[in-house]
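What follows is the content of entry30.csv, which has CSV, C-alpha atoms and all ligand atoms:
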chain,number,residue,atom,x,y,z
A,314,MET,CA,0.7,19.1,3.0
A,315,ALA,CA,4.1,20.7,3.2
A,316,GLY,CA,7.2,18.7,2.5
A,317,GLY,CA,9.2,17.6,5.5
A,318,GLY,CA,12.9,17.7,6.3
A,319,THR,CA,13.8,14.6,4.3
A,320,GLY,CA,15.5,16.3,1.4
A,321,LYS,CA,19.0,15.2,2.5
A,322,ARG,CA,18.2,11.5,2.3
A,323,GLY,CA,18.9,9.3,-0.7
A,324,LEU,CA,16.3,8.9,-3.4
A,325,GLY,CA,15.4,5.3,-2.6
A,326,THR,CA,14.9,6.2,1.0
A,327,ARG,CA,12.7,9.2,0.2
A,328,LEU,CA,10.5,7.1,-2.1
A,329,VAL,CA,10.0,4.5,0.6
A,330,GLY,CA,9.1,7.0,3.2
A,331,ALA,CA,7.2,9.7,1.3
A,332,GLY,CA,3.6,10.3,2.4
A,333,ARG,CA,3.6,7.6,5.1
A,334,LYS,CA,1.9,8.9,8.2
A,335,PRO,CA,1.0,6.7,11.1
A,336,GLU,CA,-2.3,8.6,11.7
A,337,TRP,CA,-3.5,7.4,8.2
A,338,THR,CA,-1.9,4.0,8.0
A,339,GLY,CA,-2.2,2.7,11.6
A,340,PRO,CA,0.0,-0.3,12.0
A,341,ALA,CA,-0.3,-1.2,8.3
A,342,VAL,CA,2.6,-0.4,6.1
A,343,ASN,CA,0.3,1.1,3.4
A,344,PRO,CA,-2.7,3.3,3.9
A,345,PRO,CA,-5.9,1.3,3.5
A,346,VAL,CA,-8.1,2.1,0.5
A,347,TRP,CA,-10.7,4.4,2.1
A,348,ARG,CA,-13.7,4.3,-0.2
A,349,ALA,CA,-16.1,7.0,0.9
A,350,SER,CA,-18.5,9.4,-0.6
A,351,THR,CA,-20.0,10.3,2.8
A,352,TYR,CA,-18.3,11.1,6.1
A,353,LEU,CA,-20.6,11.3,9.1
A,354,TYR,CA,-20.4,14.0,11.7
A,355,GLU,CA,-20.9,13.4,15.4
A,356,ASP,CA,-23.5,16.1,15.8
A,357,THR,CA,-24.7,19.3,14.2
A,358,ALA,CA,-22.1,21.4,16.0
A,359,ALA,CA,-19.3,19.3,14.5
A,360,GLN,CA,-20.8,19.7,11.1
A,361,GLU,CA,-21.0,23.5,11.5
A,362,ALA,CA,-17.5,23.7,12.8
A,363,ASP,CA,-16.1,21.8,9.8
A,364,ARG,CA,-17.6,24.2,7.3
A,365,LEU,CA,-15.2,27.0,7.3
A,366,PRO,CA,-11.7,25.5,7.6
A,367,ASN,CA,-12.1,23.6,4.3
A,368,ALA,CA,-8.6,22.3,4.6
A,369,ASP,CA,-7.1,18.9,3.8
A,370,GLY,CA,-6.9,16.5,6.6
A,371,LEU,CA,-10.5,17.1,7.7
A,372,PHE,CA,-13.1,14.6,6.7
A,373,HIS,CA,-15.7,16.5,4.8
A,374,TYR,CA,-16.9,15.0,1.6
A,375,GLY,CA,-15.7,12.3,-0.7
A,376,ALA,CA,-15.0,14.7,-3.6
A,377,ARG,CA,-12.2,16.2,-1.5
A,378,GLY,CA,-10.5,12.8,-1.2
A,379,GLY,CA,-9.5,10.9,1.9
A,380,PRO,CA,-6.4,9.5,3.5
A,381,THR,CA,-5.5,7.3,0.6
A,382,GLN,CA,-5.4,10.2,-1.9
A,383,TRP,CA,-3.9,12.6,0.7
A,384,ALA,CA,-1.1,10.1,1.3
A,385,LEU,CA,-0.2,10.2,-2.4
A,386,CYS,CA,-0.5,14.0,-2.5
A,387,ASP,CA,1.8,14.3,0.5
A,388,ALA,CA,4.3,11.9,-1.1
A,389,LEU,CA,4.4,13.8,-4.3
A,390,THR,CA,4.7,17.2,-2.5
A,391,GLU,CA,7.6,15.8,-0.4
A,392,LEU,CA,9.4,14.7,-3.5
A,393,GLU,CA,9.3,18.2,-5.1
A,394,PRO,CA,11.5,20.7,-3.2
A,395,GLY,CA,9.7,24.0,-2.9
A,396,ALA,CA,6.2,22.6,-3.3
A,397,ALA,CA,3.2,23.6,-1.2
A,398,GLY,CA,0.8,20.9,-2.3
A,399,THR,CA,-0.4,18.4,-4.9
A,400,MET,CA,-3.8,17.8,-6.6
A,401,LEU,CA,-4.8,14.5,-8.2
A,402,TYR,CA,-6.8,13.9,-11.4
A,403,PRO,CA,-8.4,10.8,-13.0
A,404,THR,CA,-6.0,10.9,-16.0
A,405,GLY,CA,-2.6,12.3,-16.8
A,406,LEU,CA,-4.2,14.6,-19.4
A,407,ALA,CA,-6.5,16.2,-16.8
A,408,ALA,CA,-3.4,17.4,-15.0
A,409,PRO,CA,-2.2,20.0,-17.6
A,410,VAL,CA,-5.8,20.8,-18.4
A,411,MET,CA,-6.5,21.7,-14.7
A,412,ALA,CA,-3.2,23.5,-14.3
A,413,LEU,CA,-4.1,25.7,-17.3
A,414,LEU,CA,-7.6,26.3,-16.1
A,415,SER,CA,-6.3,27.4,-12.7
A,416,VAL,CA,-4.1,30.2,-14.1
A,417,LEU,CA,-6.0,31.5,-17.2
A,418,LYS,CA,-9.1,33.6,-17.8
A,419,VAL,CA,-10.9,35.0,-20.8
A,420,GLY,CA,-8.7,37.4,-22.8
A,421,ASP,CA,-5.5,35.8,-21.7
A,422,GLU,CA,-2.9,34.4,-24.0
A,423,LEU,CA,-1.1,31.1,-23.5
A,424,LEU,CA,2.3,30.3,-24.8
A,425,ILE,CA,3.1,26.6,-25.4
A,426,SER,CA,6.4,25.0,-26.4
A,427,ASP,CA,5.9,23.5,-29.8
A,428,ASN,CA,7.1,20.0,-28.8
A,429,SER,CA,4.4,19.6,-26.1
A,430,TYR,CA,2.2,16.6,-25.7
A,431,ASP,CA,-0.3,16.6,-28.6
A,432,PRO,CA,-3.6,16.3,-26.6
A,433,THR,CA,-2.5,19.3,-24.4
A,434,ARG,CA,-1.9,21.2,-27.6
A,435,SER,CA,-5.4,20.2,-28.9
A,436,PHE,CA,-7.0,21.2,-25.6
A,437,ALA,CA,-5.4,24.7,-25.9
A,438,THR,CA,-6.2,25.3,-29.6
A,439,ARG,CA,-9.7,23.9,-29.5
A,440,ALA,CA,-11.2,24.1,-26.0
A,441,LEU,CA,-9.4,27.1,-24.5
A,442,LYS,CA,-10.1,29.0,-27.7
A,443,ASP,CA,-13.8,28.5,-27.1
A,444,TYR,CA,-13.3,30.1,-23.7
A,445,GLY,CA,-11.6,33.2,-25.2
A,446,ILE,CA,-8.1,32.2,-24.4
A,447,LEU,CA,-5.7,32.2,-27.4
A,448,THR,CA,-2.6,30.1,-27.8
A,449,ARG,CA,0.7,30.7,-29.6
A,450,PHE,CA,3.4,28.1,-30.0
A,451,PHE,CA,7.1,28.8,-29.8
A,452,ASP,CA,10.4,27.0,-30.3
A,453,PRO,CA,11.7,26.3,-26.7
A,454,LEU,CA,15.3,26.2,-27.9
A,455,ASP,CA,15.1,29.9,-28.9
A,456,ILE,CA,15.1,31.7,-25.6
A,457,ALA,CA,15.5,35.2,-27.0
A,458,GLY,CA,12.6,34.5,-29.5
A,459,PHE,CA,10.4,33.3,-26.6
A,460,ALA,CA,11.2,36.4,-24.5
A,461,ALA,CA,10.4,38.6,-27.5
A,462,MET,CA,7.0,37.1,-28.1
A,463,ILE,CA,5.7,37.6,-24.6
A,464,GLY,CA,2.9,40.2,-24.9
A,465,ASP,CA,0.6,42.2,-22.6
A,466,GLN,CA,-2.0,39.5,-22.7
A,467,SER,CA,0.4,36.6,-22.1
A,468,ARG,CA,-0.5,35.0,-18.8
A,469,ALA,CA,1.1,31.6,-18.8
A,470,VAL,CA,3.7,29.4,-20.5
A,471,LEU,CA,3.6,25.7,-20.7
A,472,LEU,CA,6.9,23.8,-21.2
A,473,GLU,CA,7.8,20.2,-21.7
A,474,SER,CA,11.3,18.9,-21.4
A,475,PRO,CA,12.4,16.7,-23.1
A,476,GLY,CA,9.7,17.4,-25.7
A,477,SER,CA,7.2,14.7,-26.7
A,478,LEU,CA,8.4,12.5,-29.5
A,479,THR,CA,11.4,14.7,-30.5
A,480,MET,CA,13.0,14.8,-27.1
A,481,GLU,CA,14.5,18.3,-27.1
A,482,VAL,CA,15.7,19.5,-23.7
A,483,CYS,CA,15.1,23.2,-23.1
A,484,ASP,CA,16.7,25.6,-20.7
A,485,VAL,CA,13.9,25.6,-18.1
A,486,PRO,CA,15.6,28.1,-15.7
A,487,ALA,CA,16.3,30.6,-18.5
A,488,LEU,CA,12.8,30.3,-20.1
A,489,ALA,CA,11.2,30.5,-16.6
A,490,ALA,CA,13.2,33.6,-15.7
A,491,ALA,CA,12.1,35.3,-19.0
A,492,ALA,CA,8.5,34.4,-18.3
A,493,LYS,CA,8.5,35.5,-14.7
A,494,ALA,CA,10.1,38.8,-15.6
A,495,ARG,CA,6.7,39.5,-17.4
A,496,GLY,CA,4.6,38.0,-14.6
A,497,LEU,CA,3.6,34.8,-16.4
A,498,ALA,CA,2.8,31.5,-14.6
A,499,VAL,CA,5.3,28.8,-15.6
A,500,LEU,CA,3.9,25.3,-16.1
A,501,LEU,CA,6.0,22.3,-17.0
A,502,ASP,CA,4.9,18.8,-18.0
A,503,ASN,CA,7.5,16.8,-16.2
A,504,THR,CA,6.2,13.4,-17.1
A,505,TRP,CA,9.4,12.1,-18.8
A,506,ALA,CA,11.8,12.7,-15.9
A,507,GLY,CA,9.4,12.8,-13.0
A,508,PRO,CA,10.1,14.5,-9.7
A,509,THR,CA,13.1,12.3,-9.1
A,510,GLY,CA,14.8,13.1,-12.4
A,511,PHE,CA,14.1,16.8,-12.6
A,512,GLN,CA,13.2,19.2,-9.7
A,513,ALA,CA,10.9,21.4,-11.6
A,514,ILE,CA,10.0,24.0,-8.9
A,515,ALA,CA,13.7,24.4,-7.9
A,516,HIS,CA,14.4,25.2,-11.6
A,517,GLY,CA,11.8,28.0,-11.7
A,518,VAL,CA,8.5,26.2,-12.4
A,519,ASP,CA,5.3,27.2,-10.6
A,520,LEU,CA,3.1,24.2,-11.5
A,521,SER,CA,4.8,20.8,-12.1
A,522,ILE,CA,2.6,18.4,-14.1
A,523,LEU,CA,2.8,14.6,-14.0
A,524,ALA,CA,1.0,11.9,-15.9
A,525,LEU,CA,1.2,9.5,-12.9
A,526,THR,CA,-0.1,6.9,-15.3
A,527,LYS,CA,3.5,6.5,-16.5
A,528,HIS,CA,6.4,6.1,-14.0
A,529,VAL,CA,4.6,6.3,-10.8
A,530,GLY,CA,1.9,3.8,-11.7
A,531,GLY,CA,4.6,1.9,-13.5
A,532,HIS,CA,2.5,-1.3,-14.2
A,533,SER,CA,0.2,-0.3,-17.0
A,534,ASP,CA,-2.9,-0.7,-14.8
A,535,VAL,CA,-3.9,2.8,-13.7
A,536,MET,CA,-4.8,6.2,-15.2
A,537,LEU,CA,-3.9,9.1,-12.9
A,538,GLY,CA,-2.5,12.7,-13.1
A,539,GLY,CA,-1.0,15.1,-10.6
A,540,VAL,CA,-0.1,18.8,-10.4
A,541,THR,CA,2.3,19.9,-7.7
A,542,ALA,CA,2.5,23.7,-7.1
A,543,THR,CA,4.2,26.4,-5.2
A,544,ALA,CA,2.6,28.3,-2.3
A,545,GLU,CA,1.7,31.1,-4.7
A,546,TYR,CA,-0.2,28.8,-7.1
A,547,TYR,CA,-1.4,25.9,-5.0
A,548,PRO,CA,-4.5,27.6,-3.5
A,549,ARG,CA,-5.8,28.6,-6.9
A,550,LEU,CA,-5.1,25.1,-8.3
A,551,ARG,CA,-6.8,23.5,-5.4
A,552,GLN,CA,-9.8,25.8,-5.5
A,553,ARG,CA,-10.4,25.5,-9.2
A,554,SER,CA,-9.9,21.7,-9.2
A,555,LEU,CA,-12.4,21.2,-6.5
A,556,MET,CA,-14.9,23.6,-8.1
A,557,LEU,CA,-14.6,21.5,-11.3
A,558,GLY,CA,-15.2,18.3,-9.4
A,559,GLN,CA,-11.7,16.8,-9.9
A,560,GLN,CA,-10.6,14.0,-7.7
A,561,ALA,CA,-8.9,10.6,-8.2
A,562,SER,CA,-10.3,7.3,-6.8
A,563,PRO,CA,-8.7,5.9,-3.6
A,564,ASP,CA,-8.1,2.6,-5.4
A,565,ASP,CA,-6.1,4.3,-8.1
A,566,ALA,CA,-4.2,6.4,-5.5
A,567,ALA,CA,-3.3,3.1,-3.7
A,568,LEU,CA,-1.9,1.6,-6.9
A,569,ALA,CA,0.1,4.8,-7.5
A,570,LEU,CA,1.5,4.7,-3.9
A,571,ARG,CA,2.5,1.1,-4.5
A,572,GLY,CA,4.2,2.0,-7.8
A,573,LEU,CA,6.0,4.9,-6.2
A,574,ARG,CA,7.9,2.8,-3.7
A,575,THR,CA,9.7,0.9,-6.5
A,576,MET,CA,10.0,3.8,-9.0
A,577,ALA,CA,13.7,4.4,-8.4
A,578,VAL,CA,14.8,0.8,-9.2
A,579,ARG,CA,12.4,0.5,-12.2
A,580,LEU,CA,13.7,3.8,-13.6
A,581,GLU,CA,17.3,2.9,-13.0
A,582,ARG,CA,16.9,-0.4,-14.8
A,583,SER,CA,15.0,0.9,-17.7
A,584,THR,CA,17.4,3.9,-18.1
A,585,THR,CA,20.5,1.6,-18.1
A,586,THR,CA,18.9,-0.7,-20.7
A,587,ALA,CA,17.8,2.3,-22.8
A,588,LEU,CA,21.4,3.7,-22.8
A,589,THR,CA,22.7,0.3,-23.9
A,590,ILE,CA,20.1,-0.1,-26.7
A,591,GLY,CA,20.3,3.6,-27.7
A,592,THR,CA,24.1,3.3,-28.2
A,593,TRP,CA,23.7,0.1,-30.1
A,594,LEU,CA,21.0,1.6,-32.4
A,595,GLN,CA,23.2,4.6,-33.1
A,596,GLN,CA,25.7,2.4,-34.8
A,597,ARG,CA,23.2,0.7,-37.1
A,598,ASP,CA,23.0,1.7,-40.8
A,599,GLU,CA,19.2,1.5,-40.7
A,600,VAL,CA,19.1,4.2,-38.1
A,601,ALA,CA,19.6,7.9,-38.9
A,602,ALA,CA,19.5,9.2,-35.3
A,603,VAL,CA,18.5,8.2,-31.8
A,604,LEU,CA,16.7,11.0,-30.0
A,605,CYS,CA,17.5,10.7,-26.3
A,606,PRO,CA,19.2,13.4,-24.3
A,607,MET,CA,20.8,10.8,-22.0
A,608,LEU,CA,23.1,9.7,-24.9
A,609,PRO,CA,26.5,11.5,-24.8
A,610,GLY,CA,26.9,13.8,-27.8
A,611,SER,CA,23.1,13.9,-28.5
A,612,SER,CA,21.3,17.2,-28.7
A,613,GLY,CA,20.2,18.4,-25.3
A,614,HIS,CA,22.8,16.2,-23.5
A,615,ASP,CA,24.6,19.2,-21.9
A,616,LEU,CA,21.4,20.7,-20.5
A,617,TRP,CA,20.3,17.2,-19.3
A,618,GLN,CA,23.6,16.7,-17.5
A,619,ARG,CA,23.4,20.2,-16.0
A,620,ASP,CA,19.7,20.1,-14.8
A,621,PHE,CA,18.6,16.5,-14.4
A,622,THR,CA,19.3,13.8,-11.8
A,623,GLY,CA,17.8,11.0,-13.8
A,624,GLY,CA,16.1,9.9,-17.0
A,625,CYS,CA,13.9,7.1,-18.2
A,626,GLY,CA,13.6,4.5,-20.9
A,627,LEU,CA,11.7,6.5,-23.5
A,628,LEU,CA,13.6,7.3,-26.8
A,629,THR,CA,12.8,7.9,-30.4
A,630,VAL,CA,14.6,6.2,-33.2
A,631,VAL,CA,14.7,8.1,-36.5
A,632,MET,CA,15.0,5.6,-39.4
A,633,ASN,CA,17.1,6.0,-42.4
A,634,GLY,CA,14.5,6.4,-45.1
A,635,ARG,CA,10.8,6.9,-45.4
A,636,ASP,CA,9.4,3.5,-46.4
A,637,ARG,CA,6.1,3.1,-44.5
A,638,ALA,CA,5.9,-0.6,-45.3
A,639,ALA,CA,9.5,-1.2,-44.0
A,640,ARG,CA,8.7,0.6,-40.8
A,641,ASP,CA,5.5,-1.4,-40.3
A,642,ARG,CA,7.5,-4.6,-41.0
A,643,LEU,CA,10.0,-3.6,-38.3
A,644,ILE,CA,7.4,-3.0,-35.7
A,645,ASP,CA,5.4,-6.1,-36.6
A,646,ALA,CA,8.5,-8.3,-36.4
A,647,LEU,CA,9.1,-7.4,-32.8
A,648,ASP,CA,8.0,-10.0,-30.3
A,649,LEU,CA,8.9,-8.4,-26.9
A,650,PHE,CA,7.9,-4.8,-27.9
A,651,GLY,CA,4.1,-4.4,-27.8
A,652,ILE,CA,2.4,-1.7,-29.9
A,653,GLY,CA,0.8,0.7,-27.5
A,654,TYR,CA,0.5,4.4,-26.5
A,655,SER,CA,0.9,4.7,-22.7
A,656,TRP,CA,4.5,4.1,-21.8
A,657,GLY,CA,6.1,3.8,-18.3
A,658,GLY,CA,5.1,0.2,-17.5
A,659,TYR,CA,7.3,-2.8,-17.0
A,660,GLU,CA,6.8,-4.0,-20.6
A,661,SER,CA,8.6,-2.6,-23.6
A,662,LEU,CA,6.7,-0.8,-26.4
A,663,ALA,CA,7.3,0.3,-30.0
A,664,LEU,CA,5.2,2.8,-31.8
A,665,GLY,CA,5.4,4.5,-35.2
A,666,VAL,CA,5.2,8.3,-34.6
A,667,HIS,CA,4.7,11.3,-36.8
A,668,PRO,CA,6.0,14.4,-35.0
A,669,GLU,CA,5.4,16.6,-38.1
A,670,ARG,CA,1.6,16.3,-37.5
A,671,ASP,CA,1.9,18.1,-34.2
A,672,ARG,CA,4.3,20.9,-34.8
A,673,SER,CA,3.5,24.5,-35.7
A,674,VAL,CA,6.9,26.3,-35.7
A,675,MET,CA,9.6,23.6,-35.2
A,676,GLY,CA,10.7,21.6,-38.2
A,677,TRP,CA,10.9,17.8,-38.7
A,678,PRO,CA,12.9,16.3,-41.5
A,679,ALA,CA,10.3,15.1,-44.0
A,680,ASP,CA,12.2,12.2,-45.3
A,681,ASN,CA,12.5,10.2,-42.1
A,682,PHE,CA,10.2,7.8,-40.3
A,683,ALA,CA,10.4,7.5,-36.6
A,684,VAL,CA,9.7,4.7,-34.1
A,685,ARG,CA,9.3,5.6,-30.4
A,686,LEU,CA,10.6,2.9,-28.0
A,687,TRP,CA,9.7,2.5,-24.4
A,688,ILE,CA,12.3,0.2,-22.8
A,689,GLY,CA,10.8,-1.9,-20.0
A,690,LEU,CA,12.3,-4.3,-17.5
A,691,GLU,CA,13.0,-7.3,-19.8
A,692,ASP,CA,16.6,-8.4,-20.1
A,693,PRO,CA,18.7,-6.1,-22.3
A,694,ALA,CA,20.1,-9.0,-24.4
A,695,ASP,CA,16.6,-10.2,-25.2
A,696,LEU,CA,15.4,-6.7,-26.2
A,697,THR,CA,18.5,-6.2,-28.5
A,698,ALA,CA,17.9,-9.6,-30.1
A,699,ASP,CA,14.3,-8.6,-30.7
A,700,LEU,CA,15.3,-5.3,-32.3
A,701,GLU,CA,17.9,-7.1,-34.4
A,702,ARG,CA,14.9,-9.1,-35.8
A,703,GLY,CA,13.0,-5.9,-36.4
A,704,LEU,CA,15.9,-4.3,-38.2
A,705,ALA,CA,16.3,-7.3,-40.4
A,706,ALA,CA,12.6,-7.0,-41.4
A,707,TRP,CA,13.1,-3.3,-42.1
A,708,ALA,CA,16.0,-4.1,-44.5
A,709,GLN,CA,14.3,-7.0,-46.2
A,710,ALA,CA,13.7,-6.1,-49.9
B,1,LIG,C1,1.0,10.3,-21.3
B,1,LIG,C2,1.2,11.7,-21.1
B,1,LIG,C3,0.2,12.6,-20.6
B,1,LIG,C4,-1.2,12.1,-20.4
B,1,LIG,O1,-1.3,11.0,-19.5
B,1,LIG,P1,-2.6,10.0,-19.5
B,1,LIG,O2,-2.6,9.4,-18.2
B,1,LIG,O3,-2.3,9.1,-20.6
B,1,LIG,O4,-3.8,10.9,-19.8
B,1,LIG,C5,0.5,13.9,-20.4
B,1,LIG,N1,1.7,14.4,-20.7
B,1,LIG,C6,2.7,13.6,-21.2
B,1,LIG,C7,4.0,14.3,-21.5
B,1,LIG,C8,2.5,12.3,-21.4
B,1,LIG,O5,3.5,11.5,-22.0
How would this structure read if it were set down as structure tokens?
Amino acid sequence: MAGGGTGKRGLGTRLVGAGRKPEWTGPAVNPPVWRASTYLYEDTAAQEADRLPNADGLFHYGARGGPTQWALCDALTELEPGAAGTMLYPTGLAAPVMALLSVLKVGDELLISDNSYDPTRSFATRALKDYGILTRFFDPLDIAGFAAMIGDQSRAVLLESPGSLTMEVCDVPALAAAAKARGLAVLLDNTWAGPTGFQAIAHGVDLSILALTKHVGGHSDVMLGGVTATAEYYPRLRQRSLMLGQQASPDDAALALRGLRTMAVRLERSTTTALTIGTWLQQRDEVAAVLCPMLPGSSGHDLWQRDFTGGCGLLTVVMNGRDRAARDRLIDALDLFGIGYSWGGYESLALGVHPERDRSVMGWPADNFAVRLWIGLEDPADLTADLERGLAAWAQA
């Protein structure tokens, strides 16, 4: 499961080679889809011998996965410097859920950055609460405030950078250092940048969480999650995930492996177009702000430049005004941007969002409506023309 010595190669090269092992693929370029619930042993002695090692790479039982899933796990582990292993889950949401369940127990306290993905927040405040684990939210831009709120019961911190919807970049190394000084496990939902855009473990994270549904899948046809962890945390993550029956299907793993090979070119294209469109939107009277740390001068840009090696085409446009009908006219007038939740595919999306509904301690200006855009692989000029149509509909009396 350990990452090999491929760290010096370029990103495209690493994405093409990651997780490809001749013993699993044979002469085929891609590992076959191994569908199996049952693996047969040669004799009773072989079955007995297999009981104790319980390690990956040994055929044992379908719930532990097979070569198709292991190839994806290895690929993701290779892409994350400092990682010991990766576990897969049937949705992106199951990834933060399982990461949290592997580090928390009754009586512990969890600290979550206030701009975290809404369903993760709900899992903590509703489900974890029922298991005797309490959650407090904090502003990830206030490092001293975070350090001061760590208490004796605090056991883990969950970060997300940039934050969902509002896109704040936080100082992950500084927050991780403060957390580790008090013995907390540091979890980061790294879905926005992915392992190629932000090396989570190298920046102090213990468990790096990915909704593989987004950039890795990349084609809006698979739900999948992954957690990549350090040697300290991987055994617990693996044990708890297997105990709770977590595994992804080989078909979904094969789709994710296919998506992974082209991820760099897709992200490059959607990032470049997003920068063009973001810059263009910043100059429009209808727009109050474009929330995207990749844009020079925007909030979080300095930290993004310091810590990240890439970005993606997800940005939030804050409109000038709070006219619900105008916002709906804007979105409905778009032809190339579909209305949908799960971004990261090849097609562009637009969605009206309400960050104020999912914040406990961070503010959100009450007099603005926001539209989240996912910039896909269409031609930039066509997307701009489409948005021009939408802005005309917004402005229409
Ligand atoms: C989409 C998303 C998830 C969940 O992924 P699903 O595959 O849709 O369950 C988790 N975290 C972040 C930051 C996301 O954007």
Residue neighbourhood A:Asp641, 10 Å, only C-alpha atoms, exclusion window fewer than 2 positions, as a list in words: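 Counting only C-alpha atoms, the residues come to Asp636, Arg637, Ala638, Ala639, Leu643, Ile644, Asp645, Ala646, Leu664, Gly665, Val684, Gly703, Ala706 and Trp707 of chain A.
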Contacts with ligand LIG 1 (chain B) at most 8 Å, all atoms listed in the file counted, listed as an NGL selection string: :A and (403-409 or 429-430 or 432-433 or 473 or 476-477 or 502-505 or 522-527 or 536-538 or 654-656)
Pairwise distance for atom CA of A:Leu557 and atom CA of A:Phe450, rounded to one decimal in Å: 26.8 Å
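One distance worth recording is that between atom CA of A:Pro678 and atom CA of A:Asp620, which is 27.8 Å.
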Atomic distance atom CA of A:Ala705 - atom CA of A:Val666, expressed in Å with one decimal: 20.0 Å
Fewer than 2 positions away in the same chain doesn't count, so skip those; otherwise give me all residues within 12 Å of A:His516, counting all atoms listed in the file, as a compact mmCIF listing (two decimals) with C-alpha atoms, in the coordinates of the input.
# COMPACT_ATOMS: atom_id res chain seq x y z
CA GLU A 393 9.30 18.20 -5.10
CA PRO A 394 11.50 20.70 -3.20
CA GLY A 395 9.70 24.00 -2.90
CA ALA A 396 6.20 22.60 -3.30
CA CYS A 483 15.10 23.20 -23.10
CA ASP A 484 16.70 25.60 -20.70
CA VAL A 485 13.90 25.60 -18.10
CA PRO A 486 15.60 28.10 -15.70
CA ALA A 487 16.30 30.60 -18.50
CA LEU A 488 12.80 30.30 -20.10
CA ALA A 489 11.20 30.50 -16.60
CA ALA A 490 13.20 33.60 -15.70
CA VAL A 499 5.30 28.80 -15.60
CA LEU A 500 3.90 25.30 -16.10
CA LEU A 501 6.00 22.30 -17.00
CA ASN A 503 7.50 16.80 -16.20
CA PRO A 508 10.10 14.50 -9.70
CA PHE A 511 14.10 16.80 -12.60
CA GLN A 512 13.20 19.20 -9.70
CA ALA A 513 10.90 21.40 -11.60
CA ILE A 514 10.00 24.00 -8.90
CA VAL A 518 8.50 26.20 -12.40
CA ASP A 519 5.30 27.20 -10.60
CA LEU A 520 3.10 24.20 -11.50
CA SER A 521 4.80 20.80 -12.10
CA ARG A 619 23.40 20.20 -16.00
CA ASP A 620 19.70 20.10 -14.80
CA PHE A 621 18.60 16.50 -14.40
What are the nearest atom pairs, with distances in Å to one decimal, for all residues of stretch 563-590 of chain A that come at most 12 Å from stretch 332-342 of chain A, using all atoms listed in the file, set out by chain and rising residue number as a tab-separated table?
residue	atom	partner	partner_atom	distance
A:Ala566	CA	A:Gly332	CA	11.8
A:Ala567	CA	A:Gly332	CA	11.7
A:Ala569	CA	A:Gly332	CA	11.9
A:Leu570	CA	A:Gly332	CA	8.7
A:Arg571	CA	A:Val342	CA	10.7
A:Leu573	CA	A:Gly332	CA	10.4
A:Arg574	CA	A:Gly332	CA	10.6
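Take the candidates A:Asn428, A:Thr589, A:Ser562, A:Thr509 and check each one against A:Gly624 using only C-alpha atoms; the shortest distance goes to A:Thr509.
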Shell of 10 Å around A:Asp692, all atoms listed in the file, local chain residues under 5 positions omitted, as an NGL selection string: :A and (582-583 or 586 or 697)
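Among the candidates A:Cys625, A:Ala376, A:Ala397, A:Ala331, the one nearest to A:Ala544 when counting only C-alpha atoms is A:Ala397.
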Distance criterion (only C-alpha atoms): nearest to A:Ser661 out of A:Ala708, A:Arg597, A:Gly613, A:Ala587: A:Ala587
Of the listed residues A:Leu662, A:Ile590, A:Leu690, A:Leu580, that which approaches A:Leu324 most closely, counting all atoms listed in the file: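 Distance minimum relative to A:Leu324 lands on A:Leu580.
Residues with any atom within 9 Å of A:Asp431, counting all atoms listed in the file and excluding same-chain neighbours fewer than 5 positions away, are A:Phe436, A:Ser477, A:Asp671, A:Arg672.
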